[in-house]
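Q: First the structure, then my questions, so here it is.
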2 protein chains.
Amino acid sequence: MKSIKDVHIKTFRLFALSCMEKAGVPSPTASIVVNALITTSLRGVDSHGIRLMAHYLKAIRLGRINPNASFRFRQTAASTGSMDADDGFGIAAGFEAMNHAMVLADKTGIGMVAAYHSSHFGSAGLYTNLAAKKGMMGITVSHVESITIPFNGLKPFFGSNPISISVPILGEDPICMDMATTSISSNKLLMHKASGKKLLPGWAVDAKGRSVTDAEKAVYLTHFGGYKGFALSFMIEVFSSMLTGIAWGPHITRMYPISEHKRNLGHIFCAIDIKRFIPLSTFKRRMKQMVKELRSIPHIPKTSVMAPGDPEKKIYMERSKKGMIPISTTDYEALMDVAGALGIHAERSL
Amino acid sequence: MKSIKDVHIKTFRLFALSCMEKAGVPSPTASIVVNALITTSLRGVDSHGIRLMAHYLKAIRLGRINPNASFRFRQTAASTGSMDADDGFGIAAGFEAMNHAMVLADKTGIGMVAAYHSSHFGSAGLYTNLAAKKGMMGITVSHVESITIPFNGLKPFFGSNPISISVPILGEDPICMDMATTSISSNKLLMHKASGKKLLPGWAVDAKGRSVTDAEKAVYLTHFGGYKGFALSFMIEVFSSMLTGIAWGPHITRMYPISEHKRNLGHIFCAIDIKRFIPLSTFKRRMKQMVKELRSIPHIPKTSVMAPGDPEKKIYMERSKKGMIPISTTDYEALMDVAGALGIHAERSL
């Protein structure tokens with residue numbers, strides 16, 4: 001097991017913002033990205049949290065990510081739009097596109113925006129929670145490069161194609177489903193490689209399709225739930241590649257090893273204005289009652305029945321209170337290397 | 001293993017229409033329902049096919065289904081609407097609501113309709129395929145009474161909450177994902193009980209939560225893919241119960257044993273007008289290419305890599321050619337009983 005280091009949120013934010021500034025990222029974009037990574041780490045989704053900072057900085061240096069991207073939104077009908085993300089930060093594109101979807105939804109009840117020429121957008125729940133906090137249902141999907149074996153297949157075709165849906169609820173943060181359609185996300189696999197943690201059986205296979213628990217031997221992931229998870233992943237690919245007109249599965253530029261090639265990813269952002277169906281207060285009150293009933297049912301000893309996102313909420317509370325978030329020493333060192341190259345000295349700043 | 005009987009499609013249609021007429025169902029509604037059940041059986045989804053005829057006829061007799069329902073659609077914004085299904089046939093309500101969603105989508109790019117006071121709507125793919133055949137993406141979800149154990153739970157909470165997404169493709173019928181968010185649908189479990197077929201391990205549990213393969217001992221289903229399938233089912237419940245304002249999970253009237261109580265089910269129908277994002281011809285051509293590549297990848301011996309709905313397409317071809325669809329003798333006898341009570345004599349008609 002590799003060791004884990006805790007970093008102070010405030011210190012990390014200043015450090016990361018300095019790196020971003022040195023890398024030529026305009027301050028508003030830098031804030032959006034850094035805050036999103038911190039929020040994600042606070043929610044316990046470490047695979048998509050602050051560890052990605054090093055990757056993003058390298059991607060700028062190599063010319064993969066355009067730090068001065070100018071997003072071009074084009075409304076195509078009363079409820080729909082497309083957004084060229086200009087090879088910028090996927091995270092910044094995600095917030096921008098969901099905001100457009102919410103503006104459309106405010107007028108017509110639903111808004112859907114297809115973003116393309118984008119890059120890795122971090123945790124999908126960032127954008128759906130944005131909508132849910134404004135009284136809408138948020139839905140986000142994205143494709144990912146080919147890393148997952150289709151049902152019955154021996155070669156990967158689709159990616160870990162994530163989906164997130166968030167909904168408001170009375171008295172607590174939105175209920176947020178945010179999941180890869182693989183047994184685990186590809187970033188989680190990398191995190192297991194970094195930390196040395198064992199994989200659960202069925203999560204991943206080697207180059208010949210044999211199930212492995214040693215992360216180092218894992219080459220491809222599997223879809224969750226057999227052919228059903230595969231089918232869901234297929235449809236996420238259709239949304240992400242077909243509505244945007246860009247490359248699918250095996251034709252998508254890989255995240256790793258990092259290169260100068262643009263990712264050219266596609267994502268879909270949808271907002272549904274709840275009050276066009278039912279008063280928002282009724283919706284939130286009934287959500288609270290349903291979730292309360294769900295959390296109260298008899299359960300397997302030493303476990304609990306949870307709503308989607310409950311584990312993340314619990315970690316968020318703990319980490320926010322402590323003001324600290326963890327990073328593996330491997331990821332930490334990678335970040336220090338990149339920062340050093342930018343002239344930011346790790347030991348002094350973090 | 002109980003025996004299976006094959007019935008001629010044309011004979012069955014006439015027989016079923018006679019039953020519907022005697023039961024007081026107006027001819028247009030009867031045609032919609034009977035044709036939908038036949039289509040579903042032709043696609044090999046026998047759990048949701050012609051075997052449901054007996055159930056629906058009983059539901060009319062008991063006053064659960066209103067054969068003369070008048071659907072009341074109310075547009076609530078440019079892209080949204082609600083539809084009171086007046087306790088009518090869920091199948092007829094489904095087509096009507098998806099048609100409304102398509103009209104909205106035609107104007108604004110997306111349409112979403114929440115139907116309530118509905119009843120069992122058969123196979124969700126019926127409605128999404130309707131949209132896909134008109135050049136749109138169709139999405140349908142519905143809740144179902146409490147029959148599935150939440151992740152970590154020992155008592156059921158949600159139902160088998162199905163989801164379907166269909167998309168057009170060049171040169172073949174739409175690609176249609178249509179699945180329960182349980183390992184199997186509750187109707188499939190009943191079909192296994194009727195036929196005596198064994199369940200696969202993990203599909204269902206007994207009253208104490210222990211996995212069983214004998215369908216007779218199965219009491220509850222499990223969600224597919226552990227907590228991820230559970231999370232998806234949760235969100236389908238939110239769409240179906242919360243946007244419609246009606247009862248959720250444990251508060252929903254059960255399908256079986258059949259009673260006079262209305263089901264009062266909720267469903268969501270969404271249509272996305274593809275051409276607002278990309279020319280439809282481009283979409284369909286690229287879909288064809290992607291699916292061709294997917295179907296061609298190396299696979300486990302004696303299997304094949306398929307697109308969602310491929311097994312159903314294959315069965316559809318075979319059964320359409322033969323002009324025959326199967327029904328278990330148990331289901332056949334149940335249908336004959338109900339028909340007999342209506343004065344339709346089985347042996348003569350089917």
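Chain labels A, B, ... are given in the sequence in which chains occur in the structure tokens; within each chain residues are numbered consecutively from 1, and ligands are likewise numbered from 1 in the order shown.
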Considering only C-alpha atoms, give me a table of residues in chain A that are at most 8 Å from chain B, with the closest atom pair and distance in Å for each, as CSV.
A:
```
residue,atom,partner,partner_atom,distance
A:Thr76,CA,B:Arg276,CA,5.7
A:Ala77,CA,B:Thr108,CA,5.3
A:Ala78,CA,B:Thr108,CA,4.7
A:Ser79,CA,B:Thr108,CA,5.3
A:Thr80,CA,B:Gly109,CA,5.8
A:Gly81,CA,B:Phe277,CA,7.2
A:Ser82,CA,B:Phe277,CA,6.9
A:Lys107,CA,B:Ala78,CA,7.8
A:Thr108,CA,B:Ala78,CA,4.6
A:Gly109,CA,B:Ser79,CA,5.7
A:Ile110,CA,B:Ser79,CA,6.2
A:Gly111,CA,B:Ile110,CA,7.8
A:Met112,CA,B:Ile110,CA,8.0
A:Ala114,CA,B:Phe277,CA,7.5
A:Pro150,CA,B:Val305,CA,6.9
A:Phe151,CA,B:Val305,CA,6.4
A:Asn152,CA,B:Ile300,CA,5.5
A:Gly153,CA,B:His299,CA,4.1
A:Leu154,CA,B:His299,CA,5.0
A:Lys155,CA,B:Pro298,CA,6.3
A:Phe157,CA,B:Leu294,CA,6.9
A:Ile165,CA,B:Met235,CA,7.3
A:Met177,CA,B:Ala231,CA,6.3
A:Met179,CA,B:Lys228,CA,7.2
A:Phe224,CA,B:Gly225,CA,5.4
A:Gly225,CA,B:Gly225,CA,3.6
A:Gly226,CA,B:Gly225,CA,7.3
A:Lys228,CA,B:Met179,CA,7.2
A:Gly229,CA,B:Gly225,CA,7.4
A:Ala231,CA,B:Pro308,CA,5.5
A:Leu232,CA,B:Met177,CA,7.7
A:Phe234,CA,B:Pro308,CA,7.8
A:Met235,CA,B:Ile165,CA,7.3
A:Val238,CA,B:Met287,CA,7.8
A:Met242,CA,B:Phe283,CA,5.8
A:Leu243,CA,B:Phe277,CA,5.6
A:Thr244,CA,B:Phe277,CA,6.8
A:Gly245,CA,B:Ile278,CA,6.9
A:Trp248,CA,B:Met290,CA,7.5
A:Ile274,CA,B:Leu243,CA,6.9
A:Arg276,CA,B:Thr76,CA,5.7
A:Phe277,CA,B:Leu243,CA,5.6
A:Ile278,CA,B:Leu243,CA,6.1
A:Phe283,CA,B:Met242,CA,5.9
A:Arg286,CA,B:Met242,CA,7.2
A:Met287,CA,B:Met242,CA,7.2
A:Met290,CA,B:Trp248,CA,7.5
A:Leu294,CA,B:Phe157,CA,6.9
A:Ile297,CA,B:Lys155,CA,6.6
A:Pro298,CA,B:Leu154,CA,5.4
A:His299,CA,B:Gly153,CA,4.1
A:Ile300,CA,B:Asn152,CA,5.5
A:Thr303,CA,B:Asn152,CA,6.3
A:Ser304,CA,B:Asn152,CA,6.1
A:Val305,CA,B:Asn152,CA,5.5
A:Met306,CA,B:Phe151,CA,7.9
A:Ala307,CA,B:Ala231,CA,7.5
A:Pro308,CA,B:Ala231,CA,5.5
```
Q: Give me every strand (DSSP E or B) residue in segment 106-308 of chain B, going by DSSP on the backbone, as a ChimeraX atom specification.
A: /B:110-118,136-142,148-149,153,158,163-169,172-179,182,204-205,211-212,220-223,265-273,299
Q: What lies within 6 Å of segment 1-18 of chain A using only C-alpha atoms, ignoring chain neighbours under 4 positions off, as a PyMOL selection string?
A: chain A and resi 195-196+323-329+349-350
Q: Store the residues picked out above in a file with N, CA and C atoms, as a PDB file, in the first residue's frame.
A:
```
ATOM      1  N   SER A 195      -2.071   3.470  -5.487  1.00  0.00           N
ATOM      2  CA  SER A 195      -2.071   3.191  -4.049  1.00  0.00           C
ATOM      3  C   SER A 195      -1.730   1.732  -3.743  1.00  0.00           C
ATOM      4  N   GLY A 196      -1.793   0.876  -4.773  1.00  0.00           N
ATOM      5  CA  GLY A 196      -1.512  -0.538  -4.546  1.00  0.00           C
ATOM      6  C   GLY A 196      -2.691  -1.320  -4.002  1.00  0.00           C
ATOM      7  N   GLY A 323     -11.096  20.301   6.958  1.00  0.00           N
ATOM      8  CA  GLY A 323     -10.424  21.230   6.049  1.00  0.00           C
ATOM      9  C   GLY A 323      -9.246  20.597   5.314  1.00  0.00           C
ATOM     10  N   MET A 324      -9.244  19.260   5.264  1.00  0.00           N
ATOM     11  CA  MET A 324      -8.130  18.542   4.644  1.00  0.00           C
ATOM     12  C   MET A 324      -8.658  17.552   3.616  1.00  0.00           C
ATOM     13  N   ILE A 325      -7.864  17.350   2.552  1.00  0.00           N
ATOM     14  CA  ILE A 325      -8.198  16.302   1.579  1.00  0.00           C
ATOM     15  C   ILE A 325      -6.958  15.470   1.282  1.00  0.00           C
ATOM     16  N   PRO A 326      -7.172  14.176   1.044  1.00  0.00           N
ATOM     17  CA  PRO A 326      -6.024  13.289   0.849  1.00  0.00           C
ATOM     18  C   PRO A 326      -5.573  13.219  -0.612  1.00  0.00           C
ATOM     19  N   ILE A 327      -4.308  12.910  -0.786  1.00  0.00           N
ATOM     20  CA  ILE A 327      -3.767  12.651  -2.121  1.00  0.00           C
ATOM     21  C   ILE A 327      -2.680  11.592  -1.941  1.00  0.00           C
ATOM     22  N   SER A 328      -2.588  10.662  -2.877  1.00  0.00           N
ATOM     23  CA  SER A 328      -1.552   9.635  -2.732  1.00  0.00           C
ATOM     24  C   SER A 328      -0.188  10.284  -2.951  1.00  0.00           C
ATOM     25  N   THR A 329       0.849   9.704  -2.358  1.00  0.00           N
ATOM     26  CA  THR A 329       2.173  10.314  -2.522  1.00  0.00           C
ATOM     27  C   THR A 329       2.605  10.280  -3.985  1.00  0.00           C
ATOM     28  N   SER A 349       4.889  25.793  -0.773  1.00  0.00           N
ATOM     29  CA  SER A 349       3.497  26.193  -0.996  1.00  0.00           C
ATOM     30  C   SER A 349       2.453  25.213  -0.480  1.00  0.00           C
ATOM     31  N   LEU A 350       2.801  23.940  -0.343  1.00  0.00           N
ATOM     32  CA  LEU A 350       1.752  22.956  -0.045  1.00  0.00           C
ATOM     33  C   LEU A 350       2.115  22.136   1.177  1.00  0.00           C
TER      34      LEU A 350
END
```
Q: Can you tell me how far atom CA of Ser142 of chain B sits from atom CA of Gly122 of chain B, in Å to one decimal?
A: 10.3 Å
Q: Go through A:Arg72, A:Lys197, A:Arg263, A:His117 one by one, measure the shortest atom-to-atom distance of each to His251 of chain A using only C-alpha atoms, and give the residue with the smallest value.
A: A:Arg263
Q: Compile the contact shell of Arg210 of chain B as a VMD selection string: residues with an atom at most 12 Å away, counting only C-alpha atoms, same-chain residues fewer than 2 positions apart removed.
A: (chain A and resid 300) or (chain B and resid 149 153 to 155 201 to 208 212 to 214 217 to 222)
Q: Within segment 226-302 of chain A, find each residue whose DSSP state, derived from the backbone, is alpha helix (DSSP H), and express the selection as a count of residues only.
A: 28
Q: Rounded to one decimal in Å, what is the spacing between atom CA of Ala115 of chain A and atom CA of Val144 of chain A?
A: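 Separation between atom CA of Ala115 of chain A and atom CA of Val144 of chain A: 13.8 Å.
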Q: Report, in Å to a single decimal, how far apart atom CA of Tyr256 of chain A and atom CA of His192 of chain A are.
A: 15.4 Å
Q: If you count only C-alpha atoms, which residues fall within 6 Å of Tyr116 of chain A, apart from same-chain ones fewer than 6 positions away, as an MDAnalysis selection string?
A: chainID A and resid 84:85 265:266
